[in-house]
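A.B. asks: Next up, my_file.txt (compact mmCIF, C-alpha atoms).
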```
# COMPACT_ATOMS: atom_id res chain seq x y z
CA MET A 20 84.11 131.42 -2.74
CA LYS A 21 84.06 132.22 0.95
CA ALA A 22 85.72 128.88 1.70
CA VAL A 23 88.58 129.58 -0.69
CA ILE A 24 89.19 132.96 0.87
CA ALA A 25 89.34 131.42 4.36
CA VAL A 26 91.86 128.79 3.24
CA LEU A 27 94.06 131.42 1.62
CA SER A 28 93.93 133.56 4.73
CA LEU A 29 95.05 130.72 6.96
CA GLY A 30 97.85 129.81 4.57
CA PHE A 31 99.05 133.40 4.57
CA LEU A 32 99.10 133.57 8.34
CA TYR A 33 100.99 130.31 8.78
CA GLY A 34 103.39 131.20 5.99
CA LEU A 35 104.66 134.37 7.67
CA PRO A 36 108.18 134.18 9.27
CA ALA A 37 108.12 133.55 12.98
CA ALA A 38 109.17 136.41 15.25
CA SER A 39 112.35 136.01 17.26
CA GLN A 40 111.85 134.47 20.68
CA VAL A 41 113.94 134.93 23.83
CA SER A 42 113.76 132.09 26.30
CA ALA A 43 114.47 133.03 29.90
CA THR A 44 114.74 129.98 32.11
CA ALA A 45 114.72 130.62 35.82
CA SER A 46 117.43 128.68 37.66
CA PRO A 47 117.08 129.35 41.36
CA VAL A 48 120.01 128.30 43.52
CA SER A 49 119.67 127.47 47.17
CA ASN A 50 122.77 126.86 49.25
CA SER A 51 122.48 125.39 52.68
CA SER A 52 125.37 124.73 54.98
CA GLY A 53 125.60 123.86 58.63
CA SER A 54 127.99 122.57 61.23
CA VAL A 55 127.56 120.50 64.33
CA VAL A 56 130.00 120.73 67.25
CA ASN A 57 129.94 117.89 69.72
CA GLN A 58 131.37 118.63 73.14
CA ALA A 59 131.87 116.13 75.91
CA VAL A 60 133.15 116.38 79.47
CA GLN A 61 135.11 113.38 80.63
CA ILE A 62 134.74 112.41 84.28
CA THR A 63 137.61 110.32 85.60
CA PRO A 64 137.06 109.25 89.21
CA GLY A 65 140.21 108.89 91.25
CA GLN A 66 141.06 106.70 94.19
CA TYR A 67 139.08 106.59 97.39
CA GLN A 68 139.97 109.09 100.05
CA LYS A 69 142.34 107.34 102.45
CA PHE A 70 142.83 108.04 106.14
CA SER A 71 146.23 106.97 107.46
CA PHE A 72 146.78 106.31 111.16
CA GLY A 73 150.34 105.02 111.06
CA SER A 74 151.68 101.48 111.42
CA GLY A 75 150.31 100.68 107.98
CA ILE A 76 146.66 101.35 108.92
CA GLN A 77 144.83 103.08 106.06
CA CYS A 78 141.04 103.23 105.87
CA ASP A 79 139.05 104.10 102.75
CA GLY A 80 136.21 106.58 102.94
CA ALA A 81 133.50 107.95 100.71
CA THR A 82 134.82 110.39 98.12
CA LEU A 83 132.93 113.29 96.54
CA ASN A 84 134.49 114.86 93.42
CA ILE A 85 133.16 118.21 92.21
CA SER A 86 134.71 119.54 89.01
CA PRO A 87 133.57 122.84 87.49
CA PHE A 88 134.35 123.35 83.81
CA VAL A 89 134.28 126.18 81.27
CA SER A 90 134.54 125.63 77.52
CA GLY A 91 134.28 127.93 74.52
CA VAL A 92 133.95 127.35 70.77
CA HIS A 93 134.60 129.78 67.91
CA SER A 94 134.01 128.47 64.39
CA TRP A 95 134.26 130.22 61.02
CA GLY A 96 134.60 129.46 57.34
CA ASP A 97 137.51 130.00 55.02
CA PRO A 98 137.51 131.94 52.78
CA ASN A 99 135.45 134.61 54.45
CA ASN A 100 133.05 135.49 51.63
CA GLN A 101 129.71 137.04 52.45
CA TYR A 102 128.62 137.07 48.78
CA TYR A 103 129.72 135.46 45.54
CA GLN A 104 129.00 136.49 41.95
CA GLU A 105 126.68 134.06 40.21
CA PRO A 106 126.80 134.15 36.39
CA VAL A 107 123.57 134.51 34.37
CA TYR A 108 123.86 132.64 31.02
CA ASP A 109 122.19 133.50 27.70
CA ASN A 110 119.63 130.78 27.09
CA SER A 111 117.95 132.45 24.10
CA ASP A 112 116.98 130.12 21.23
CA ASN A 113 115.89 131.98 18.09
CA PHE A 114 117.66 130.13 15.29
CA GLY A 115 118.94 126.76 14.33
CA LEU A 116 115.96 124.98 12.74
CA VAL A 117 115.03 125.89 9.11
CA ASP A 118 111.54 125.08 7.93
CA THR A 119 111.85 123.14 4.68
CA GLU A 120 108.55 124.42 3.35
CA THR A 121 108.82 128.06 4.22
CA GLY A 122 112.59 128.43 4.59
CA VAL A 123 112.15 130.21 7.91
CA ASN A 124 115.02 129.79 10.44
CA GLY A 125 113.41 129.10 13.83
CA PRO A 126 114.26 127.82 17.32
CA ASP A 127 115.70 124.33 17.59
CA GLY A 128 115.70 123.85 21.39
CA ILE A 129 119.42 124.56 21.71
CA PRO A 130 120.63 127.93 23.02
CA ASP A 131 122.13 129.98 20.25
CA ARG A 132 125.06 131.19 22.42
CA ALA A 133 125.53 128.36 24.87
CA GLY A 134 127.86 129.28 27.74
CA HIS A 135 127.68 133.01 27.01
CA ILE A 136 127.37 135.04 30.26
CA LEU A 137 125.04 137.97 30.12
CA TYR A 138 125.89 139.42 33.58
CA TYR A 139 126.72 138.50 37.19
CA LYS A 140 124.40 138.86 40.11
CA PRO A 141 125.51 138.83 43.79
CA GLN A 142 124.41 135.76 45.70
CA ARG A 143 124.52 135.57 49.47
CA THR A 144 126.61 132.68 50.78
CA GLY A 145 125.05 132.49 54.24
CA TYR A 146 128.50 132.65 55.82
CA ARG A 147 128.57 133.30 59.55
CA GLN A 148 130.82 132.92 62.55
CA ASN A 149 129.65 130.88 65.53
CA PHE A 150 130.50 131.51 69.15
CA SER A 151 129.46 129.36 72.09
CA ASN A 152 130.44 129.32 75.75
CA ASN A 153 129.53 126.50 78.09
CA PHE A 154 129.65 126.42 81.87
CA GLY A 155 128.83 123.58 84.20
CA ILE A 156 129.75 121.40 87.16
CA THR A 157 130.25 117.66 87.27
CA ALA A 158 129.99 115.71 90.52
CA THR A 159 130.69 112.08 91.35
CA ILE A 160 130.50 110.22 94.65
CA SER A 161 132.33 106.96 95.37
CA VAL A 162 131.43 104.75 98.33
CA PRO A 163 133.26 101.51 99.27
CA LEU A 164 130.87 98.58 99.42
CA ASP A 165 132.68 96.22 101.83
CA ARG A 166 131.53 97.72 105.14
CA ARG A 167 132.92 94.83 107.19
CA ALA A 168 136.49 95.58 106.19
CA ILE A 169 135.93 99.29 106.74
CA ASN A 170 134.59 98.71 110.28
CA MET A 171 137.56 96.50 111.16
CA CYS A 172 139.92 99.14 109.86
CA LEU A 173 138.22 101.82 111.95
CA LYS A 174 138.52 99.67 115.09
CA ALA A 175 142.21 99.14 114.44
CA ALA A 176 142.57 102.87 113.94
CA GLU A 177 140.90 103.55 117.32
CA ARG A 178 143.33 101.17 119.07
CA GLN A 179 146.25 102.83 117.34
CA VAL A 180 145.07 106.25 118.50
CA GLU A 181 144.82 104.94 122.07
CA LEU A 182 148.43 103.73 121.85
CA TYR A 183 149.49 107.14 120.61
CA GLU A 184 147.70 108.82 123.51
CA GLN A 185 149.30 106.46 126.05
CA ALA A 186 152.76 107.08 124.59
CA LEU A 187 152.10 110.81 124.73
CA ALA A 188 151.01 110.60 128.37
CA ASP A 189 154.17 108.67 129.23
CA LYS A 190 156.35 111.26 127.55
CA ARG A 191 154.46 114.03 129.34
CA LEU A 192 155.03 112.32 132.71
CA ASN A 193 158.76 112.00 132.04
CA TYR A 194 158.87 115.66 131.10
CA GLU A 195 157.05 116.80 134.24
CA ILE A 196 159.26 114.69 136.53
CA GLY A 197 162.39 116.03 134.87
CA ARG A 198 161.09 119.60 135.19
CA LEU A 199 160.27 119.07 138.85
CA LYS A 200 163.76 117.76 139.64
CA ALA A 201 165.51 120.52 137.74
CA CYS A 202 163.40 123.25 139.37
CA GLN A 203 163.86 121.94 142.93
CA GLN A 204 167.61 121.77 142.41
CA ALA A 205 167.64 125.34 141.13
CA ILE A 206 165.56 126.56 144.08
CA ARG A 207 167.79 124.79 146.62
CA GLU A 208 170.91 126.28 145.10
CA GLY A 209 169.34 129.75 145.00
CA TYR A 210 169.11 130.59 141.30
CA GLY A 211 166.26 130.83 138.79
CA PHE A 212 164.68 132.93 136.04
CA SER A 213 164.06 136.65 136.43
CA ASP A 214 160.56 138.10 136.58
CA ALA A 215 160.91 139.48 133.04
CA SER A 216 161.92 136.12 131.58
CA PRO A 217 159.27 134.25 129.56
CA PHE A 218 160.57 131.00 131.14
CA LYS A 219 159.79 132.01 134.71
CA ALA A 220 156.51 130.13 134.52
CA ILE A 221 158.40 126.83 134.08
CA CYS A 222 159.17 126.57 137.80
CA ALA A 223 156.30 128.73 139.06
CA ASP A 224 154.31 125.74 140.33
CA VAL A 225 157.24 123.92 142.01
CA VAL A 226 157.12 124.03 145.84
CA LEU A 227 159.77 122.72 148.26
CA LYS A 228 158.43 120.85 151.31
CA PRO A 229 160.33 119.36 154.31
CA ILE A 230 160.85 115.64 154.31
CA PRO A 231 158.52 114.06 156.88
CA VAL A 232 160.41 112.21 159.71
CA GLU A 233 158.65 109.83 162.12
CA GLY A 234 159.54 109.77 165.86
CA HIS A 235 162.32 107.23 166.62
CA THR A 236 165.47 106.74 168.80
CA HIS A 237 169.05 105.78 168.09
CA PRO A 238 171.26 103.91 170.60
CA ILE A 239 174.57 105.64 171.38
CA ILE A 240 177.31 103.57 172.98
CA TYR A 241 179.89 105.40 175.08
CA PRO A 242 182.36 104.19 177.88
CA GLU A 243 181.94 104.77 181.60
CA PRO A 244 183.70 107.91 182.90
CA ALA A 245 187.20 106.96 184.17
CA SER A 246 190.67 108.04 183.57
CA ASP A 247 192.20 106.73 180.47
CA ARG A 248 194.93 104.86 182.31
CA GLU A 249 192.60 103.18 184.75
CA TRP A 250 190.22 102.19 182.05
CA LEU A 251 192.95 100.67 179.98
CA ASN A 252 194.49 98.83 182.90
CA SER A 253 191.21 97.47 184.19
CA GLY A 254 190.74 95.38 181.10
CA ASP A 255 187.30 96.85 180.32
CA ALA A 256 188.57 98.16 177.00
CA ALA A 257 188.18 94.68 175.55
CA GLN A 258 184.51 94.50 176.73
CA PRO A 259 181.69 96.49 175.06
CA ALA A 260 180.16 99.23 177.13
CA ALA A 261 176.52 99.11 178.19
CA PRO A 262 174.25 100.76 175.60
CA SER A 263 172.10 103.73 176.52
CA LYS A 264 169.23 105.43 174.56
CA ILE A 265 169.08 109.12 173.70
CA PRO A 266 165.70 110.38 172.30
CA VAL A 267 165.81 112.14 168.92
CA LEU A 268 162.87 114.41 168.07
CA PRO A 269 161.38 114.67 164.58
CA TYR A 270 162.45 117.44 162.21
CA GLY A 271 161.01 120.83 163.13
CA GLN A 272 160.20 120.05 166.84
CA VAL A 273 161.98 121.77 169.71
CA SER A 274 162.74 119.94 172.95
CA ASP A 275 162.07 121.51 176.34
```
Mind turning the file's structure into structure tokens?

C.D. replies:
Amino acid sequence: MKAVIAVLSLGFLYGLPAASQVSATASPVSNSSGSVVNQAVQITPGQYQKFSFGSGIQCDGATLNISPFVSGVHSWGDPNNQYYQEPVYDNSDNFGLVDTETGVNGPDGIPDRAGHILYYKPQRTGYRQNFSNNFGITATISVPLDRRAINMCLKAAERQVELYEQALADKRLNYEIGRLKACQQAIREGYGFSDASPFKAICADVVLKPIPVEGHTHPIIYPEPASDREWLNSGDAAQPAAPSKIPVLPYGQVSD
């Protein structure tokens, strides 16, 4: 008897209609976004530093290039949305499968209102703006490797500089001689620059000196004293007179 009652009790419990069930399935969403900005600084070395000495002489030298740089980056997304509304769907499954024995309509594993949105919840997008500023200095040094050619070029440059200096000295000598002649002529003729003139110093160092004369004599030929008629009649006019010497003193000496 007790066994029959137990069987009937179990049959009654399993025969009752199933209560409605609401299935809530969690669907977490994780959005990840990122950006990478590659920046590069291009270094373009130029020609060697050249030293020109004229006459086609150009010597290469070591070159140091220093280039400071400043760069900035500002990145953002479009559209500018800090949040977006994520829909929450109704995933409840209470009906759809009818028990043939009991006639109870139960869940069948398919949402009863598929695609139906219950509500919206705000979801952060992770949007942000990026700023970056970069500062730096690039430096390159270039050195010519053929030292033999460089040394020969430097020797040729030294000879060329010596030629320039010699030409300059020659021009300076011509200038000084011309200045000396012009100043002595002006002093002899009695004119020159005033004391207030800025050009007075041009002839300030010019000094006139007497021309040195060595002691010497000059022969002077003159006829013997006689009357003109007698001298002409005597026939001595056709003969040269006897020379006589008169002493001449140097310049600046006074005779007694």

A.B. asks: Would you list the residues near (127.6, 132.4, 64.9), meaning any protein, DNA or RNA residue with an atom at most 9 Å from that point in file coordinates, counting all atoms listed in the file, as a PyMOL selection string?

C.D. replies: chain A and resi 93-95+147-151

A.B. asks: By how many Å are CA of Gly115 in chain A and CA of Asp127 in chain A apart?

C.D. replies: 5.2 Å

A.B. asks: Taking only C-alpha atoms into account, which of A:Gly209, A:Gly96, A:Pro106, A:Gly234 comes nearest Gly145 in chain A?

C.D. replies: A:Gly96

A.B. asks: Which residue is closest to Cys172 in chain A? Choose from A:Asn100, A:Gln66, A:Gln77, A:Gln185 and count all atoms listed in the file.

C.D. replies: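 Under the stated criterion, the closest residue is A:Gln77.
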
A.B. asks: Between CA of Met171 in chain A and CA of Thr159 in chain A, what is the spacing in Å?

C.D. replies: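 Distance reported for this atom pair: 26.1 Å.
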
A.B. asks: With a distance cut-off of 8 Å and only C-alpha atoms, select the neighbouring residues of Asp131 in chain A, excluding the residue or stretch itself and same-chain residues fewer than 5 positions from it, and output the selection as number ranges by chain.

C.D. replies: A: 110-115

A.B. asks: Would you place a box with edges along x, y and z of the file around all atoms of range 97-100 of chain A listed there, add 6 Å to each of its six sides, and report the centre and edge lengths in Å to one decimal, as JSON?

C.D. replies:
```
{"center_x": 135.3, "center_y": 132.7, "center_z": 53.3, "size_x": 16.5, "size_y": 17.5, "size_z": 15.4}
```

A.B. asks: One number please: CA of Val162 in chain A to CA of Gly75 in chain A, in Å, one decimal.

C.D. replies: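 Result for CA of Val162 in chain A versus CA of Gly75 in chain A: 21.6 Å, one decimal.
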
A.B. asks: Here is a test: counting only C-alpha atoms, which residue of A:Pro217, A:Pro163, A:Gly211, A:Pro141 is nearest to Cys78 in chain A?

C.D. replies: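 For Cys78 in chain A, the nearest of the candidates is A:Pro163.
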
A.B. asks: Closest to Val180 in chain A among A:Gln142, A:Gln68, A:Asn99, A:Ser74, using all atoms listed in the file?

C.D. replies: A:Ser74

A.B. asks: Choose the residue, out of A:Ile136, A:Val225, A:Val117, A:Ala158, that has the smallest atom-to-atom separation from Ile196 in chain A; count only C-alpha atoms.

C.D. replies: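 Of A:Ile136, A:Val225, A:Val117, A:Ala158, the one nearest Ile196 in chain A is A:Val225, counting only C-alpha atoms.
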
A.B. asks: Would you please work out which residue, of A:Ala176, A:Asp109, A:Val232, A:Asn152, is nearest to Arg132 in chain A when using all atoms listed in the file?

C.D. replies: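 Using all atoms listed in the file, the shortest distance to Arg132 in chain A belongs to A:Asp109.
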